[in-house]
$ cat start_37.cif   # mmCIF, C-alpha atoms
data_upload
#
loop_
_atom_site.label_atom_id
_atom_site.label_comp_id
_atom_site.auth_asym_id
_atom_site.auth_seq_id
_atom_site.Cartn_x
_atom_site.Cartn_y
_atom_site.Cartn_z
CA MET A 188 222.16 107.27 138.99
CA ARG A 189 220.98 108.96 135.86
CA ARG A 190 218.96 106.76 133.62
CA PRO A 191 218.97 107.11 129.86
CA GLY A 192 217.39 110.35 128.77
CA ILE A 193 214.74 110.97 126.22
CA GLN A 194 217.16 110.15 123.46
CA ASP A 195 216.02 106.56 123.84
CA ASP A 196 212.85 106.11 121.90
CA VAL A 197 210.01 103.86 122.91
CA SER A 198 211.31 100.39 122.44
CA ALA A 199 209.70 97.92 120.11
CA GLN A 200 208.75 95.74 123.04
CA GLN A 201 206.99 98.56 124.88
CA VAL A 202 204.94 99.71 121.97
CA SER A 203 204.11 96.31 120.60
CA THR A 204 202.01 95.62 123.67
CA PRO A 205 198.37 96.17 122.85
CA LEU A 206 197.06 99.04 124.91
CA SER A 207 193.46 97.92 124.72
CA GLY A 208 192.25 97.13 128.16
CA THR A 209 194.69 99.27 130.09
CA HIS A 210 192.55 101.94 131.71
CA GLY A 211 189.87 100.88 129.27
CA SER A 212 191.47 102.64 126.32
CA PRO A 213 189.96 101.23 123.18
CA GLY A 214 191.70 101.17 119.84
CA PRO A 215 193.77 98.93 117.67
CA ALA A 216 196.70 96.93 118.93
CA VAL A 217 199.85 98.98 118.54
CA PRO A 218 202.22 97.60 115.94
CA SER A 219 205.90 97.07 116.47
CA LEU A 220 207.78 100.26 115.81
CA ASN A 221 211.45 100.81 115.41
CA ALA A 222 213.22 104.04 116.27
CA ASP A 223 211.87 105.97 113.27
CA GLY A 224 208.29 104.93 113.88
CA GLY A 225 208.38 101.86 111.63
CA GLY A 226 207.21 103.79 108.57
CA TRP A 227 204.14 105.12 110.36
CA VAL A 228 205.74 108.55 110.51
CA THR A 229 206.20 108.62 106.75
CA ARG A 230 202.64 107.49 106.20
CA ALA A 231 201.29 110.00 108.70
CA ARG A 232 203.33 112.74 107.04
CA ASP A 233 201.60 111.80 103.79
CA GLY A 234 198.26 112.47 105.47
CA ASP A 235 197.37 108.97 106.71
CA VAL A 236 195.35 109.60 109.89
CA HIS A 237 195.33 105.90 110.79
CA ALA A 238 199.11 105.84 110.76
CA PHE A 239 199.09 108.85 113.04
CA GLU A 240 196.71 107.03 115.37
CA ARG A 241 199.29 104.24 115.64
CA LEU A 242 201.89 106.81 116.61
CA TYR A 243 199.47 108.29 119.13
CA ARG A 244 198.85 104.91 120.76
CA ALA A 245 202.56 104.19 120.90
CA HIS A 246 203.49 107.49 122.53
CA VAL A 247 200.46 108.82 124.40
CA SER A 248 201.37 107.40 127.80
CA ARG A 249 204.79 109.03 127.63
CA VAL A 250 203.36 112.38 126.63
CA TYR A 251 200.56 112.20 129.21
CA ALA A 252 203.02 111.40 132.00
CA LEU A 253 204.97 114.51 131.07
CA THR A 254 201.97 116.83 130.83
CA LEU A 255 200.46 115.45 134.03
CA ARG A 256 203.59 115.93 136.09
CA MET A 257 204.40 119.34 134.66
CA THR A 258 200.89 120.74 135.16
CA ALA A 259 199.89 118.71 138.24
CA ASP A 260 196.37 118.90 136.85
CA PRO A 261 194.83 115.80 135.22
CA ASP A 262 192.24 117.75 133.20
CA ARG A 263 194.76 120.17 131.80
CA ALA A 264 197.14 117.30 131.17
CA GLU A 265 194.53 115.66 128.95
CA ASP A 266 193.96 118.89 127.03
CA LEU A 267 197.65 119.53 126.58
CA THR A 268 198.27 115.95 125.48
CA GLN A 269 195.69 116.49 122.77
CA ASP A 270 197.24 119.85 121.89
CA ALA A 271 200.66 118.24 121.58
CA PHE A 272 199.41 115.55 119.18
CA VAL A 273 197.42 118.02 117.09
CA ARG A 274 200.49 120.23 116.84
CA ALA A 275 202.61 117.21 115.96
CA TRP A 276 200.20 116.40 113.13
CA ASP A 277 200.41 119.96 111.84
CA ARG A 278 204.19 119.97 112.00
CA LEU A 279 205.00 116.48 110.83
CA SER A 280 206.50 117.91 107.68
CA THR A 281 209.18 119.56 109.81
CA PHE A 282 210.22 116.23 111.35
CA ARG A 283 213.34 115.31 109.40
CA GLY A 284 214.25 112.16 111.26
CA ASP A 285 217.42 113.64 112.78
CA SER A 286 216.20 112.30 116.11
CA ALA A 287 213.73 109.54 116.97
CA PHE A 288 210.09 110.47 116.51
CA GLY A 289 209.46 109.98 120.23
CA THR A 290 212.19 112.47 121.09
CA TRP A 291 210.82 115.03 118.67
CA LEU A 292 207.28 114.55 119.97
CA HIS A 293 208.39 114.76 123.59
CA ARG A 294 210.21 118.03 122.99
CA LEU A 295 207.20 119.43 121.18
CA ALA A 296 205.01 118.43 124.13
CA VAL A 297 207.38 120.22 126.51
CA HIS A 298 207.00 123.39 124.45
CA VAL A 299 203.21 123.04 124.53
CA VAL A 300 203.14 122.64 128.31
CA LEU A 301 205.61 125.43 129.00
CA GLY A 302 203.62 127.77 126.77
CA ASP A 303 200.49 126.91 128.72
CA LEU A 304 202.13 127.29 132.13
CA ARG A 305 203.51 130.70 131.21
CA SER A 306 200.19 131.89 129.80
CA ARG A 307 198.35 131.05 133.00
CA GLY A 308 200.24 133.61 135.02
CA ARG A 309 201.32 131.32 137.86
CA TRP A 310 204.76 130.82 136.41
CA GLU A 311 206.41 133.19 138.87
CA GLU A 312 204.95 131.55 141.98
CA GLU A 313 207.59 130.50 144.49
CA ALA A 314 205.80 128.68 147.29
CA LEU A 315 204.58 125.13 147.72
CA ASP A 316 200.90 124.61 146.95
CA GLU A 317 199.62 123.34 150.28
CA ASP A 318 196.32 122.14 148.80
CA ARG A 319 198.11 119.80 146.49
CA LEU A 320 199.99 118.22 149.38
CA GLU A 321 196.62 117.03 150.64
CA ARG A 322 195.47 115.52 147.37
CA SER A 323 194.27 111.97 147.13
CA PRO A 324 195.90 109.50 144.75
CA ARG A 325 192.75 109.70 142.66
CA GLU A 326 193.06 113.48 142.32
CA LEU A 327 196.71 113.11 141.46
CA HIS A 328 195.78 110.43 139.00
CA THR A 329 198.42 108.23 140.53
CA ALA A 330 197.66 104.56 140.83
CA PRO A 331 197.54 103.63 144.55
CA ALA A 332 199.00 100.26 143.60
CA ARG A 333 202.32 101.99 143.19
CA GLY A 334 202.58 102.29 146.93
CA GLY A 335 202.24 105.00 149.51
CA MET A 336 205.77 106.34 149.15
CA THR A 337 205.30 106.88 145.43
CA VAL A 338 202.01 108.63 146.03
CA ASP A 339 203.68 110.90 148.60
CA LEU A 340 206.41 111.72 146.13
CA GLU A 341 203.98 112.43 143.28
CA ARG A 342 201.94 114.60 145.63
CA ALA A 343 205.03 116.52 146.71
CA VAL A 344 206.11 117.04 143.08
CA ALA A 345 202.61 118.29 142.24
CA ALA A 346 202.81 120.80 145.11
CA LEU A 347 205.98 122.43 143.80
CA PRO A 348 205.67 125.88 142.22
CA PRO A 349 205.38 125.63 138.42
CA ARG A 350 208.87 126.72 137.40
CA ALA A 351 210.69 124.60 139.97
CA ARG A 352 208.42 121.66 139.17
CA SER A 353 209.13 121.96 135.46
CA VAL A 354 212.88 121.91 135.96
CA LEU A 355 212.69 119.00 138.40
CA VAL A 356 210.43 116.93 136.15
CA LEU A 357 212.54 117.60 133.08
CA HIS A 358 215.87 116.94 134.80
CA ASP A 359 215.27 114.28 137.43
CA ILE A 360 212.41 112.34 135.86
CA GLU A 361 212.69 112.90 132.12
CA GLY A 362 216.47 112.98 131.93
CA TYR A 363 217.01 116.34 130.22
CA ARG A 364 220.32 118.11 130.77
CA HIS A 365 220.62 121.61 132.18
CA ARG A 366 221.76 122.93 128.81
CA GLU A 367 218.58 121.58 127.18
CA ILE A 368 216.34 122.86 129.98
CA ALA A 369 217.96 126.29 129.82
CA GLU A 370 217.25 126.38 126.09
CA LEU A 371 213.63 125.32 126.55
CA LEU A 372 212.97 127.81 129.33
CA GLY A 373 215.00 130.62 127.82
CA VAL A 374 217.22 130.94 130.89
CA THR A 375 220.88 130.30 131.66
CA GLU A 376 222.19 126.91 132.74
CA GLY A 377 222.99 128.45 136.13
CA THR A 378 219.35 129.45 136.57
CA SER A 379 218.26 125.94 135.68
CA LYS A 380 220.64 124.49 138.27
CA ALA A 381 219.47 126.96 140.90
CA GLN A 382 215.83 126.07 140.19
CA LEU A 383 216.62 122.38 140.51
CA PHE A 384 218.43 122.91 143.80
CA ARG A 385 215.45 124.85 145.09
CA ALA A 386 212.96 122.30 143.80
CA ARG A 387 214.76 119.47 145.56
CA ARG A 388 214.90 121.42 148.79
CA LEU A 389 211.17 122.17 148.63
CA LEU A 390 210.50 118.56 147.78
CA ARG A 391 212.45 117.34 150.79
CA GLU A 392 210.55 119.79 152.99
CA ALA A 393 207.25 118.58 151.64
CA LEU A 394 208.17 114.93 152.16
CA GLU A 395 209.32 115.55 155.72
CA ARG A 396 205.98 117.02 156.79
CA MET B 38 232.54 128.56 168.02
CA THR B 39 235.55 129.11 165.79
CA ASP B 40 235.45 129.69 162.04
CA ARG B 41 236.93 126.23 161.61
CA ASP B 42 234.08 124.65 163.61
CA ARG B 43 231.53 126.56 161.55
CA THR B 44 233.16 125.48 158.29
CA ASN B 45 233.16 121.85 159.41
CA ARG B 46 229.52 122.06 160.42
CA GLU B 47 228.54 123.60 157.08
CA ARG B 48 230.53 120.95 155.24
CA ASN B 49 228.74 118.21 157.20
CA GLU B 50 225.37 119.79 156.43
CA MET B 51 226.21 119.98 152.75
CA GLN B 52 227.24 116.32 152.75
CA ARG B 53 223.98 115.39 154.46
CA ASP B 54 222.08 117.42 151.84
CA GLU B 55 223.94 115.69 149.05
CA THR B 56 223.18 112.26 150.50
CA ARG B 57 219.52 113.16 150.91
CA ASP B 58 219.50 114.57 147.37
CA GLU B 59 220.93 111.32 146.03
CA ARG B 60 218.20 109.34 147.76
CA LEU B 61 215.58 111.74 146.48
CA VAL B 62 216.89 111.63 142.92
CA CYS B 63 216.92 107.82 143.15
CA ARG B 64 213.23 107.86 144.02
CA LEU B 65 212.42 110.39 141.31
CA THR B 66 214.33 108.42 138.73
CA ALA B 67 212.36 105.33 139.66
CA LEU B 68 209.02 106.99 138.90
CA PRO B 69 207.36 105.56 135.81
CA ARG B 70 207.81 107.69 132.72
CA GLU B 71 204.64 106.38 131.18
CA ILE B 72 201.15 106.97 132.57
CA GLU B 73 198.07 105.98 130.66
CA PRO B 74 195.49 108.78 130.42
CA PRO B 75 192.21 107.90 132.15
CA ARG B 76 190.33 107.97 128.85
CA ASP B 77 191.10 107.58 125.19
CA LEU B 78 192.09 111.00 123.90
CA TRP B 79 192.35 109.95 120.29
CA HIS B 80 188.80 110.85 119.29
CA GLY B 81 189.29 114.44 120.37
CA ILE B 82 192.56 114.61 118.49
CA GLU B 83 191.05 113.07 115.39
CA ALA B 84 188.13 115.51 115.47
CA ARG B 85 190.52 118.45 115.69
CA ILE B 86 192.64 117.09 112.87
CA GLU B 87 189.54 116.64 110.73
CA ALA B 88 188.40 120.15 111.59
CA HIS B 89 191.71 121.45 110.32
CA GLY B 90 190.84 119.96 106.96
CA SER B 91 193.57 118.21 105.11
CA ARG B 92 197.20 118.45 106.03
CA SER B 93 198.55 121.95 105.76
CA HIS B 94 201.83 121.48 107.61
CA ALA B 95 204.24 124.28 107.00
CA ARG B 96 201.77 126.24 104.95
CA THR B 97 199.41 126.58 107.88
CA THR B 98 201.05 129.72 109.19
CA SER B 99 200.98 131.47 105.85
CA TRP B 100 197.36 130.49 105.47
CA VAL B 101 196.40 131.86 108.81
CA VAL B 102 197.98 135.15 107.76
CA TRP B 103 196.20 134.95 104.42
CA ALA B 104 192.83 134.21 105.99
CA GLY B 105 193.36 137.12 108.37
CA ALA B 106 194.21 139.40 105.46
CA ALA B 107 191.07 138.33 103.60
CA ALA B 108 188.93 138.99 106.66
CA THR B 109 190.55 142.40 107.14
CA LEU B 110 189.94 143.21 103.49
CA ALA B 111 186.32 142.22 103.91
CA VAL B 112 185.86 144.55 106.85
CA LEU B 113 187.62 147.41 105.07
CA LEU B 114 185.47 147.00 102.00
CA LEU B 115 182.27 146.89 103.98
CA VAL B 116 183.20 150.13 105.68
CA ALA B 117 184.84 151.92 102.77
CA VAL B 118 182.28 151.51 99.99
CA PRO B 119 179.29 153.13 101.68
CA ALA B 120 181.59 155.91 102.91
CA VAL B 121 182.85 156.59 99.38
CA ARG B 122 179.30 156.56 98.06
CA MET B 123 178.19 159.08 100.62
CA TRP B 124 181.22 161.23 99.93
CA LEU B 125 180.73 161.21 96.16
CA ALA B 126 176.98 161.54 95.95
CA PRO B 127 176.49 165.28 96.64
CA SER B 128 179.38 166.59 94.59
CA GLU B 129 179.03 164.32 91.60
CA ALA B 130 175.33 164.12 91.02
CA PRO B 131 174.82 164.17 87.27
CA PRO B 132 173.06 167.19 85.78
CA SER B 133 169.96 166.52 83.81
CA GLY B 134 170.71 165.55 80.22
CA PHE B 135 174.04 164.29 81.40
CA VAL B 136 176.60 163.10 78.87
CA SER B 137 179.56 161.05 79.91
CA SER B 138 182.51 162.77 81.54
CA PRO B 139 186.18 161.66 81.56
CA VAL B 140 187.18 158.28 82.98
CA THR B 141 190.88 158.70 82.66
CA PRO B 142 192.81 161.59 81.28
CA GLY B 143 191.14 160.96 77.92
CA SER B 144 187.46 161.73 77.37
CA LEU B 145 184.91 159.00 76.83
CA ASP B 146 181.46 159.35 75.36
CA SER B 147 178.51 157.48 76.81
CA PHE B 148 178.90 154.59 74.37
CA THR B 149 182.54 154.18 75.31
CA THR B 150 181.61 154.27 78.98
CA LEU B 151 179.07 151.51 78.52
CA ALA B 152 181.56 149.48 76.49
CA TRP B 153 184.17 149.92 79.20
CA GLN B 154 181.72 148.82 81.84
CA ALA B 155 180.68 145.79 79.77
CA ARG B 156 184.31 144.78 79.34
CA GLN B 157 184.87 145.08 83.04
CA GLU B 158 181.77 143.03 83.77
CA ASP B 159 182.87 140.34 81.36
CA GLY B 160 186.21 140.35 83.11
CA VAL B 161 184.52 140.01 86.49
CA PHE B 162 182.41 137.13 85.23
CA VAL B 163 185.46 135.26 83.92
CA THR B 164 187.46 136.05 87.03
CA ARG B 165 184.62 134.96 89.23
CA GLN B 166 184.18 131.68 87.36
CA ALA B 167 187.88 130.93 87.59
CA LEU B 168 187.93 131.75 91.27
CA GLU B 169 184.97 129.47 91.95
CA MET B 170 186.70 126.68 90.06
CA ALA B 171 189.92 127.17 92.00
CA LEU B 172 188.04 127.14 95.30
CA GLY B 173 186.08 124.06 94.23
CA THR B 174 189.31 122.26 93.40
CA ALA B 175 190.80 123.31 96.71
CA ARG B 176 187.73 121.97 98.51
CA GLU B 177 187.92 118.64 96.69
CA THR B 178 191.62 118.12 97.13
CA GLY B 179 191.52 119.54 100.63
CA CYS B 180 194.73 121.46 100.05
CA LEU B 181 193.49 124.44 102.05
CA PRO B 182 192.71 124.41 105.76
CA SER B 183 189.05 125.05 106.42
CA GLU B 184 189.71 128.35 108.23
CA ALA B 185 191.68 129.64 105.23
CA MET B 186 188.89 128.56 102.92
CA ALA B 187 186.39 130.37 105.12
CA GLY B 188 188.59 133.46 105.05
CA ILE B 189 188.74 133.44 101.26
CA GLU B 190 185.03 132.91 100.95
CA ASP B 191 184.39 135.82 103.34
CA GLY B 192 186.72 137.97 101.28
CA LEU B 193 184.91 136.95 98.12
CA ARG B 194 181.52 137.74 99.58
CA ALA B 195 182.78 141.14 100.68
CA LEU B 196 184.20 141.79 97.22
CA ASP B 197 180.88 140.84 95.63
CA LEU B 198 179.07 143.19 97.93
CA ALA B 199 181.57 145.96 97.28
CA ILE B 200 181.35 145.49 93.52
CA GLY B 201 177.56 145.48 93.67
CA GLU B 202 177.53 148.68 95.72
CA THR B 203 180.03 150.39 93.45
CA ARG B 204 177.99 149.42 90.41
CA ALA B 205 174.86 150.77 92.02
CA ALA B 206 176.66 154.00 92.80
CA LEU B 207 177.92 154.17 89.25
CA ASP B 208 174.39 153.69 87.93
CA GLU B 209 173.35 156.72 89.91
CA ASN B 210 176.39 158.69 88.93
CA PRO B 211 177.87 157.25 85.74
CA ALA B 212 180.13 160.24 85.19
CA SER B 213 182.16 159.69 88.32
CA PRO B 214 185.75 158.82 87.47
CA ARG B 215 186.37 158.01 91.12
CA LEU B 216 183.65 155.36 91.14
CA ARG B 217 184.99 153.84 87.94
CA LEU B 218 188.44 153.70 89.41
CA LEU B 219 187.00 152.18 92.57
CA LEU B 220 185.18 149.54 90.53
CA ALA B 221 188.33 148.78 88.56
CA HIS B 222 190.19 148.47 91.84
CA ARG B 223 187.63 145.94 93.11
CA TYR B 224 188.11 143.89 89.94
CA GLN B 225 191.83 144.00 90.46
CA GLN B 226 191.37 142.78 94.04
CA GLU B 227 189.26 139.88 92.82
CA ALA B 228 191.85 139.02 90.18
CA ALA B 229 194.60 139.18 92.83
CA LEU B 230 192.60 136.82 95.02
CA LEU B 231 192.26 134.39 92.13
CA HIS B 232 195.94 134.65 91.34
CA ARG B 233 196.81 133.93 94.96
CA VAL B 234 194.56 130.88 95.15
CA ARG B 235 195.94 129.54 91.88
CA SER B 236 199.53 130.01 92.93
CA LEU B 237 199.09 127.73 95.97
#
$ encode --input "start_37.cif" --output "structure tokens"
Amino acid sequence: MRRPGIQDDVSAQQVSTPLSGTHGSPGPAVPSLNADGGGWVTRARDGDVHAFERLYRAHVSRVYALTLRMTADPDRAEDLTQDAFVRAWDRLSTFRGDSAFGTWLHRLAVHVVLGDLRSRGRWEEEALDEDRLERSPRELHTAPARGGMTVDLERAVAALPPRARSVLVLHDIEGYRHREIAELLGVTEGTSKAQLFRARRLLREALER
Amino acid sequence: MTDRDRTNRERNEMQRDETRDERLVCRLTALPREIEPPRDLWHGIEARIEAHGSRSHARTTSWVVWAGAAATLAVLLLVAVPAVRMWLAPSEAPPSGFVSSPVTPGSLDSFTTLAWQARQEDGVFVTRQALEMALGTARETGCLPSEAMAGIEDGLRALDLAIGETRAALDENPASPRLRLLLAHRYQQEAALLHRVRSL
């Protein structure tokens, strides 16, 4: 049931596909990268902005998917994606290569989003956001081509209260373990499990409406 | 309904929940983990990186603290110098035909006072030149984030202002040991700033 977690970095095949043209994103074709970023990380760490752009193009869709689902707000997701990459640039010297660059970046992005969610004061909310259940695919920034059921599911995830949504996205979509989520959120594993249980129940309720 | 019936019903409900959960998790797991943003975000990122100046990495935090300290120093100096001047002026106004009074425990005549001041001014000039050179090098090599550079420059401007004000006060009241000590302290602050920039 559980697919590989974030430990698996972006594969060479995924990132070697030029992104130009998809959603109109301009920019250079993304080079093949291996697990350590194919040397781009080293070059970016040395201050090479173009190398960092390659890393951005290879990883942005993964980071944006995370920020979009965790915030349920396309505009904020864009801002936080930018924040995550700027912070990554600032902290590249702390990346030691113990994990894949994508894993490190993803975790950093999670920290950025959680910090933002907490600072906005809606972190403690418990109820479903009814307005978000009515959102159009365009508002959700979900491609309608994915099918109605997927749109319903994305809409229901977006309607979850922030804390439950974060746990659900991290566990069920991104493949984090409860131990990791507990560490990120500063709670116990039991709390993480309870939040997930609650999130799934709310999600089922939302889907059954 | 017996307890056994209730237990069985709860067990059945739990099993139904688990089955529904499995289906739900299947659907969640199948969601794409990559979504392209609607626009290219790189230009915004690049602009912010450029605005940061060159790479600061782990030193960024210490520089933010340093820039904050420089700004605080600037504010303190701007407030403190006029206050000290006002405080000293009435009590230390020189009598007519004034001859120099003590600087430190030892007595200094007017010539010695002027010589001391000249030495200090020479020192300031050299310090100032060295500081400008260090800042110029930092600008060229980009080894300081722009906000830190701005903080240092603010601190420097405040020090200049403070030194100028102290000198002016000393011109009016050359006998004041407090003003001389204050001036010497400003020079020391400038030297410390230079030392800090050089040590980076």
$ closest_residue --input "start_37.cif" --among "A:Ala231, A:Ile360, A:Ala245, A:Val297" --to "chain B" --atoms "only C-alpha atoms"
A:Ile360
$ resolve_selection --input "start_37.cif" --expression "the PyMOL selection byres ((chain B) within 9 of (chain A))" --output "VMD selection string"
chain B and resid 54 57 to 59 61 to 79 81 to 83 85 to 86 89 91 to 95 97
$ resolve_selection --input "start_37.cif" --expression "the PyMOL selection byres ((chain B and resi 203) around 9)" --output "JSON, numbers by chain"
{"B": [118, 119, 122, 198, 199, 200, 201, 202, 204, 205, 206, 207, 208, 216, 217, 219, 220, 223]}
$ atom_distance --input "start_37.cif" --atom1 "atom CA of A:Arg366" --atom2 "atom CA of A:Asp339"
29.4 Å
$ atom_distance --input "start_37.cif" --atom1 "atom CA of A:Leu357" --atom2 "atom CA of A:Glu312"
18.2 Å
$ residues_around --input "start_37.cif" --residues "A:Gly377" --least-positions-apart "6" --cutoff "10 Å" --atoms "all atoms listed in the file" --output "PDB file with C-alpha atoms, keeping the file's coordinate frame"
ATOM      1  CA  HIS A 365     220.620 121.610 132.180  1.00  0.00           C
ATOM      2  CA  ARG A 366     221.760 122.930 128.810  1.00  0.00           C
ATOM      3  CA  ALA A 369     217.960 126.290 129.820  1.00  0.00           C
ATOM      4  CA  LEU A 383     216.620 122.380 140.510  1.00  0.00           C
TER       5      LEU A 383
END
$ axis_aligned_box --input "start_37.cif" --around "stretch 74-89 of chain B" --padding-each-side "3 Å" --output "lines of an AutoDock Vina configuration file"
center_x = 191.8
center_y = 114.5
center_z = 121.2
size_x = 13.4
size_y = 19.9
size_z = 27.8
$ build_atoms --input "start_37.cif" --residues "stretch 300-312 of chain A" --atoms "N, CA and C atoms" --output "PDB file, keeping the file's coordinate frame"
ATOM      1  N   VAL A 300     203.450 122.491 126.880  1.00  0.00           N
ATOM      2  CA  VAL A 300     203.140 122.640 128.310  1.00  0.00           C
ATOM      3  C   VAL A 300     203.746 123.930 128.856  1.00  0.00           C
ATOM      4  N   LEU A 301     204.986 124.210 128.482  1.00  0.00           N
ATOM      5  CA  LEU A 301     205.610 125.430 129.000  1.00  0.00           C
ATOM      6  C   LEU A 301     204.849 126.667 128.541  1.00  0.00           C
ATOM      7  N   GLY A 302     204.413 126.642 127.294  1.00  0.00           N
ATOM      8  CA  GLY A 302     203.620 127.770 126.770  1.00  0.00           C
ATOM      9  C   GLY A 302     202.363 127.951 127.594  1.00  0.00           C
ATOM     10  N   ASP A 303     201.727 126.849 127.930  1.00  0.00           N
ATOM     11  CA  ASP A 303     200.490 126.910 128.720  1.00  0.00           C
ATOM     12  C   ASP A 303     200.771 127.411 130.133  1.00  0.00           C
ATOM     13  N   LEU A 304     201.813 126.880 130.754  1.00  0.00           N
ATOM     14  CA  LEU A 304     202.130 127.290 132.130  1.00  0.00           C
ATOM     15  C   LEU A 304     202.417 128.790 132.194  1.00  0.00           C
ATOM     16  N   ARG A 305     203.165 129.271 131.209  1.00  0.00           N
ATOM     17  CA  ARG A 305     203.510 130.700 131.210  1.00  0.00           C
ATOM     18  C   ARG A 305     202.257 131.549 130.999  1.00  0.00           C
ATOM     19  N   SER A 306     201.370 131.073 130.132  1.00  0.00           N
ATOM     20  CA  SER A 306     200.190 131.890 129.800  1.00  0.00           C
ATOM     21  C   SER A 306     199.208 131.960 130.962  1.00  0.00           C
ATOM     22  N   ARG A 307     199.321 131.071 131.905  1.00  0.00           N
ATOM     23  CA  ARG A 307     198.350 131.050 133.000  1.00  0.00           C
ATOM     24  C   ARG A 307     198.727 131.958 134.166  1.00  0.00           C
ATOM     25  N   GLY A 308     199.879 132.581 134.054  1.00  0.00           N
ATOM     26  CA  GLY A 308     200.240 133.610 135.020  1.00  0.00           C
ATOM     27  C   GLY A 308     200.659 133.122 136.388  1.00  0.00           C
ATOM     28  N   ARG A 309     200.866 131.796 136.547  1.00  0.00           N
ATOM     29  CA  ARG A 309     201.320 131.320 137.860  1.00  0.00           C
ATOM     30  C   ARG A 309     202.789 130.914 137.794  1.00  0.00           C
ATOM     31  N   TRP A 310     203.392 131.246 136.667  1.00  0.00           N
ATOM     32  CA  TRP A 310     204.760 130.820 136.410  1.00  0.00           C
ATOM     33  C   TRP A 310     205.738 131.351 137.456  1.00  0.00           C
ATOM     34  N   GLU A 311     205.463 132.546 137.958  1.00  0.00           N
ATOM     35  CA  GLU A 311     206.410 133.190 138.870  1.00  0.00           C
ATOM     36  C   GLU A 311     206.201 132.760 140.329  1.00  0.00           C
ATOM     37  N   GLU A 312     205.205 131.933 140.584  1.00  0.00           N
ATOM     38  CA  GLU A 312     204.950 131.550 141.980  1.00  0.00           C
ATOM     39  C   GLU A 312     206.160 130.821 142.560  1.00  0.00           C
TER      40      GLU A 312
END
